[in-house]
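Each remark here refers to the structure printed beneath this line.
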Amino acid sequence: MTAPIEPFRAMAIGQLAHKLAAQGRSVIHMEYGQPSTSAPAAALAKAHQVLDTEAQGYWESAPLKERIARHYAETQGVTIRPDQVILTCGASPALLLALSSAFAPGARIVCARPGYVAYRNTLRALHMEPLEIPCGAAERYQITAAALEAIHPAPDGVIIASPANPTGTIIAPDELAAIAAVCARRGIRIISDEIYHGLSYTGPCVSALVHAPDALIVNSFSKYFSMPGWRLGWLVAPDDLVDAAYARMSNLMLTPPVLAQHAGLIAFDCDEELQGHIATYAANREAMLAALPALGLARIAPPDGAFYIWADIGHLTNDSMEFCTRLLQETGVACAPGVDFDPVDGHRFMRFSFAVSTPLVNEAIERMIPWFARQGTLSA
């Protein structure tokens, strides 16, 4: 029997948004976590040159693997070999490789709730068991070492994300060290989703590799490097899983796009331009945080990083999908329903993405303030 997989409801919101735009409506896309900016200019120039001069066959860029390994040495102070880097078509295949390489069907894997919808659904597709741990404001919406210590019997693995989707929260360095210590003692394998590394407003992001050399690291060019459509990511595999991960990549996916690999190598050295994107996100974050009182949204997750605001709308609705659909239809502002990220309590939450341009963030705020003011509270 195939595993039941729930839909990603934000995709339905996105489809409706595009349908309304095709009808001539003005739509602001805050439902997806994707940058509105382009790939770095030098990366684009390299792609044009390669497209005009080279054949595009199956290829794995040894220079790109070496550059990724150097990235960890420079930013995290940890040493990995280039052969530990498995290039993938984005972070989603990297997650699939990590899970299928490290665990067998039936494995019990801990995830935070709320958390990225694909964790739960990918685990189910692989016939593994997601153990979703409710994480609220007291835990800053993150898995804690204490929570992992309390699970009996010990799970096979845990997926952590810092900064996280949908909350944007970052695991504090001392807590990350404590999580790694618990996992080492109890034999729990760590998969760390670090796709939002580089997108932080409160301090640097620490890789799980600093405390857990045997962790599997998922990352991508889609967020910080502003290259979501290029479909390029990577998995860092520990020594005991390199062969298994590479075998799965070569059989299930082959190589990521050659053009993307050439561009990605150049993108690593475009930090000045990419830091300009961070400045835009930071301005957008401040604008959203300033507007929340006017929207009547007082309970949010602290958006330490990424480009999301996770907001409690339980005083306005108990159906976040219906709420976000009406918001889109009546204002043209598309947002993600919380039920995607939390199937238990997400009916009273929603997620805003502030990765769009600053003028569009300001326009969205202007549209939403009067609309939220017209919504009656459930108690009324």
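Numbering starts fresh at 1 for the residues of each chain in the structure tokens, the chains themselves are lettered A, B, ... in the order given, and ligands are numbered from 1 as they appear.
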Practice item. For range 270-273 of chain A, list every protein, DNA or RNA residue within 10 Å, evaluated using only C-alpha atoms, and leave out those in the same chain fewer than 5 positions away; present the list as a PyMOL selection string. Key: chain A and resi 39-43+224-225+265+278
Env of Leu20 in chain A: 9 Å cut, atoms = only C-alpha atoms, seq-sep filter 5 positions within chain, self excluded. Answer as a short mmCIF file (atom, residue, chain, number, x, y, z; two decimals) with N, CA and C atoms, in the first residue's frame.
```cif
data_model
loop_
_atom_site.label_atom_id
_atom_site.label_comp_id
_atom_site.auth_asym_id
_atom_site.auth_seq_id
_atom_site.Cartn_x
_atom_site.Cartn_y
_atom_site.Cartn_z
N GLN A 15 -1.75 28.73 -6.66
CA GLN A 15 -2.47 28.53 -7.92
C GLN A 15 -3.62 29.51 -8.07
N ARG A 25 -6.07 40.83 -11.84
CA ARG A 25 -6.00 41.30 -10.46
C ARG A 25 -4.56 41.58 -10.06
N SER A 26 -4.37 42.53 -9.16
CA SER A 26 -3.05 42.80 -8.59
C SER A 26 -2.83 41.86 -7.41
N VAL A 27 -1.80 41.02 -7.51
CA VAL A 27 -1.54 40.00 -6.50
C VAL A 27 -0.14 40.19 -5.93
N GLN A 329 -8.59 36.55 -1.99
CA GLN A 329 -9.68 36.94 -2.89
C GLN A 329 -10.09 38.41 -2.70
N GLY A 332 -5.96 40.53 -2.59
CA GLY A 332 -4.88 40.21 -3.51
C GLY A 332 -3.58 39.87 -2.82
#
```
Check your understanding: Just asking: which residues within range 19-240 of chain A are helix (DSSP H, G or I) according to DSSP, as a ChimeraX atom specification?
Key -> /A:19-22,41-53,62-76,82-84,91-102,117-125,137-139,145-150,173-186,208-210,228-230,239-240
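Note that DSSP on the backbone gives strand (DSSP E or B) to these residues of range 160-321 of chain A: Ile160, Ala161, Arg189, Ile190, Ile191, Ser192, Asp193, Ser200, Leu216, Ile217, Val218, Asn219, Ser220, Gly233, Trp234, Leu235, Val236, Ile300, Gly305, Tyr308, Ile309, Trp310, Ala311 and Asp312 of chain A.
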Using only N, CA, C and O atoms, please write the residues we just selected to a file, as an mmCIF file, in the first residue's frame.
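Result file part.cif:
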```
data_model
loop_
_atom_site.group_PDB
_atom_site.id
_atom_site.type_symbol
_atom_site.label_atom_id
_atom_site.label_comp_id
_atom_site.auth_asym_id
_atom_site.auth_seq_id
_atom_site.Cartn_x
_atom_site.Cartn_y
_atom_site.Cartn_z
ATOM 1 N N ILE A 160 16.256 18.806 12.561
ATOM 2 C CA ILE A 160 16.249 20.139 13.138
ATOM 3 C C ILE A 160 16.406 21.155 12.010
ATOM 4 O O ILE A 160 16.941 20.836 10.939
ATOM 5 N N ALA A 161 15.931 22.360 12.249
ATOM 6 C CA ALA A 161 16.025 23.424 11.249
ATOM 7 C C ALA A 161 16.265 24.739 11.976
ATOM 8 O O ALA A 161 15.495 25.105 12.868
ATOM 9 N N ARG A 189 20.383 9.938 15.220
ATOM 10 C CA ARG A 189 21.059 10.585 14.092
ATOM 11 C C ARG A 189 20.400 11.935 13.805
ATOM 12 O O ARG A 189 19.171 12.046 13.738
ATOM 13 N N ILE A 190 21.217 12.962 13.593
ATOM 14 C CA ILE A 190 20.723 14.311 13.315
ATOM 15 C C ILE A 190 20.723 14.586 11.816
ATOM 16 O O ILE A 190 21.729 14.363 11.130
ATOM 17 N N ILE A 191 19.586 15.060 11.319
ATOM 18 C CA ILE A 191 19.518 15.690 9.999
ATOM 19 C C ILE A 191 19.247 17.164 10.246
ATOM 20 O O ILE A 191 18.252 17.526 10.870
ATOM 21 N N SER A 192 20.146 18.021 9.779
ATOM 22 C CA SER A 192 20.023 19.457 10.009
ATOM 23 C C SER A 192 19.722 20.166 8.697
ATOM 24 O O SER A 192 20.530 20.150 7.764
ATOM 25 N N ASP A 193 18.548 20.766 8.632
ATOM 26 C CA ASP A 193 18.143 21.544 7.463
ATOM 27 C C ASP A 193 18.681 22.964 7.651
ATOM 28 O O ASP A 193 18.167 23.723 8.475
ATOM 29 N N SER A 200 19.985 35.741 8.702
ATOM 30 C CA SER A 200 19.827 35.907 10.146
ATOM 31 C C SER A 200 19.885 37.380 10.499
ATOM 32 O O SER A 200 20.670 38.136 9.916
ATOM 33 N N LEU A 216 23.853 14.755 9.157
ATOM 34 C CA LEU A 216 23.640 14.968 7.728
ATOM 35 C C LEU A 216 23.124 16.396 7.554
ATOM 36 O O LEU A 216 22.182 16.807 8.233
ATOM 37 N N ILE A 217 23.735 17.146 6.646
ATOM 38 C CA ILE A 217 23.421 18.556 6.472
ATOM 39 C C ILE A 217 22.765 18.772 5.114
ATOM 40 O O ILE A 217 23.317 18.410 4.072
ATOM 41 N N VAL A 218 21.585 19.382 5.139
ATOM 42 C CA VAL A 218 20.840 19.723 3.926
ATOM 43 C C VAL A 218 20.963 21.220 3.690
ATOM 44 O O VAL A 218 20.763 22.021 4.610
ATOM 45 N N ASN A 219 21.308 21.610 2.469
ATOM 46 C CA ASN A 219 21.385 23.029 2.146
ATOM 47 C C ASN A 219 21.095 23.228 0.658
ATOM 48 O O ASN A 219 20.935 22.257 -0.080
ATOM 49 N N SER A 220 21.027 24.483 0.249
ATOM 50 C CA SER A 220 20.559 24.787 -1.096
ATOM 51 C C SER A 220 20.992 26.186 -1.502
ATOM 52 O O SER A 220 21.317 27.030 -0.659
ATOM 53 N N GLY A 233 21.237 22.179 -4.928
ATOM 54 C CA GLY A 233 21.430 22.073 -3.492
ATOM 55 C C GLY A 233 22.515 21.070 -3.202
ATOM 56 O O GLY A 233 23.223 20.601 -4.112
ATOM 57 N N TRP A 234 22.671 20.742 -1.907
ATOM 58 C CA TRP A 234 23.678 19.748 -1.566
ATOM 59 C C TRP A 234 23.354 19.067 -0.251
ATOM 60 O O TRP A 234 22.619 19.590 0.585
ATOM 61 N N LEU A 235 23.909 17.885 -0.110
ATOM 62 C CA LEU A 235 23.880 17.131 1.136
ATOM 63 C C LEU A 235 25.314 16.908 1.581
ATOM 64 O O LEU A 235 26.159 16.496 0.776
ATOM 65 N N VAL A 236 25.608 17.196 2.848
ATOM 66 C CA VAL A 236 26.879 16.796 3.440
ATOM 67 C C VAL A 236 26.625 15.496 4.192
ATOM 68 O O VAL A 236 25.823 15.456 5.135
ATOM 69 N N ILE A 300 3.285 36.174 17.972
ATOM 70 C CA ILE A 300 4.054 35.695 16.824
ATOM 71 C C ILE A 300 5.286 34.962 17.328
ATOM 72 O O ILE A 300 5.707 35.127 18.468
ATOM 73 N N GLY A 305 15.483 34.678 11.876
ATOM 74 C CA GLY A 305 16.114 34.505 10.576
ATOM 75 C C GLY A 305 15.087 34.093 9.541
ATOM 76 O O GLY A 305 13.886 34.212 9.745
ATOM 77 N N TYR A 308 10.201 34.812 7.379
ATOM 78 C CA TYR A 308 8.833 34.450 7.719
ATOM 79 C C TYR A 308 8.380 35.086 9.028
ATOM 80 O O TYR A 308 9.192 35.339 9.927
ATOM 81 N N ILE A 309 7.070 35.289 9.117
ATOM 82 C CA ILE A 309 6.427 35.610 10.384
ATOM 83 C C ILE A 309 5.293 34.613 10.582
ATOM 84 O O ILE A 309 4.411 34.475 9.733
ATOM 85 N N TRP A 310 5.348 33.906 11.691
ATOM 86 C CA TRP A 310 4.352 32.894 12.067
ATOM 87 C C TRP A 310 3.440 33.551 13.102
ATOM 88 O O TRP A 310 3.879 33.908 14.195
ATOM 89 N N ALA A 311 2.175 33.748 12.738
ATOM 90 C CA ALA A 311 1.273 34.554 13.557
ATOM 91 C C ALA A 311 0.039 33.769 13.972
ATOM 92 O O ALA A 311 -0.557 33.032 13.174
ATOM 93 N N ASP A 312 -0.344 33.958 15.227
ATOM 94 C CA ASP A 312 -1.534 33.340 15.790
ATOM 95 C C ASP A 312 -2.748 34.181 15.393
ATOM 96 O O ASP A 312 -2.848 35.363 15.728
#
```
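Residues in contact with Glu149 in chain A at up to 7 Å, not including ones fewer than 3 positions away on its chain and judged by only C-alpha atoms, are Ala145, Ala146 and Val182 of chain A.
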Just write the chosen residues, C-alpha atoms, as a PDB file, in the first residue's frame.
```pdb
ATOM      1  CA  ALA A 145      17.478  18.695  24.218  1.00  0.00           C
ATOM      2  CA  ALA A 146      15.072  18.068  27.098  1.00  0.00           C
ATOM      3  CA  VAL A 182      21.753  14.027  23.848  1.00  0.00           C
TER       4      VAL A 182
END
```
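Using only C-alpha atoms, the nearest neighbour of Arg285 in chain A within the list A:Asp52, A:Thr169, A:Glu66, A:Pro303 is A:Pro303.
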Review point. Could you pull the residues within 12 Å of Arg374 in chain A, counting only C-alpha atoms, minus those fewer than 4 positions along the same chain, as number ranges by chain?
Key: A: 294-296, 316, 327, 330, 367-370
**Study point:** Nearest-residue call for Val85 in chain A, choices A:Pro238, A:Gly203, A:Pro4, A:Gly14, using only C-alpha atoms
**Key:** A:Pro238
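Using only C-alpha atoms for every distance, the candidate list A:Ala181, A:Ala237, A:Leu209, A:Ala102 yields A:Ala181 as the residue closest to Thr144 in chain A.
For range 57-64 of chain A, the residues within 7 Å (counting only C-alpha atoms, excluding itself and residues fewer than 5 positions away along the chain) are Thr255, Val258, Gln261 and Leu265 of chain A.
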Which residues are close to Val344 in chain A, i.e. within 12 Å by only C-alpha atoms, leaving aside same-chain residues fewer than 3 positions away? Reply as a JSON list (two decimals) with C-alpha atoms, in the first residue's frame.
```
[["chain", "number", "residue", "atom", "x", "y", "z"],
["A", 113, "ARG", "CA", 5.48, 20.99, 15.19],
["A", 114, "PRO", "CA", 5.07, 23.53, 13.62],
["A", 115, "GLY", "CA", 7.59, 22.55, 10.99],
["A", 132, "GLU", "CA", 5.94, 15.48, 15.78],
["A", 133, "ILE", "CA", 6.73, 17.22, 19.05],
["A", 134, "PRO", "CA", 4.57, 20.26, 19.84],
["A", 135, "CYS", "CA", 6.85, 23.28, 20.21],
["A", 318, "ASN", "CA", -10.40, 28.35, 13.39],
["A", 319, "ASP", "CA", -9.86, 27.65, 9.67],
["A", 320, "SER", "CA", -6.59, 29.13, 8.42],
["A", 338, "GLY", "CA", -0.80, 27.43, 9.16],
["A", 339, "VAL", "CA", -2.41, 24.03, 8.79],
["A", 340, "ASP", "CA", 0.33, 23.11, 6.30],
["A", 341, "PHE", "CA", 2.97, 23.36, 9.01],
["A", 347, "HIS", "CA", -5.88, 25.98, 11.84],
["A", 348, "ARG", "CA", -5.37, 29.10, 13.97],
["A", 349, "PHE", "CA", -2.04, 30.27, 12.52]]
```
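If you count only C-alpha atoms and ignore residues fewer than 2 places along the chain from range 245-254 of chain A, what sits within 9 Å of it is Tyr58, Trp59, Ile86, Leu87, Thr88, Cys89, Pro93, Ala94, Leu97, Ala98, Ser100, Ser101, Ala102, Leu235, Ala237, Leu241, Val242, Asp243 and Pro256 of chain A.
Considering only C-alpha atoms, the residue among A:His211, A:His197, A:Arg124, A:Arg326 positioned nearest to Leu176 in chain A is A:His211.
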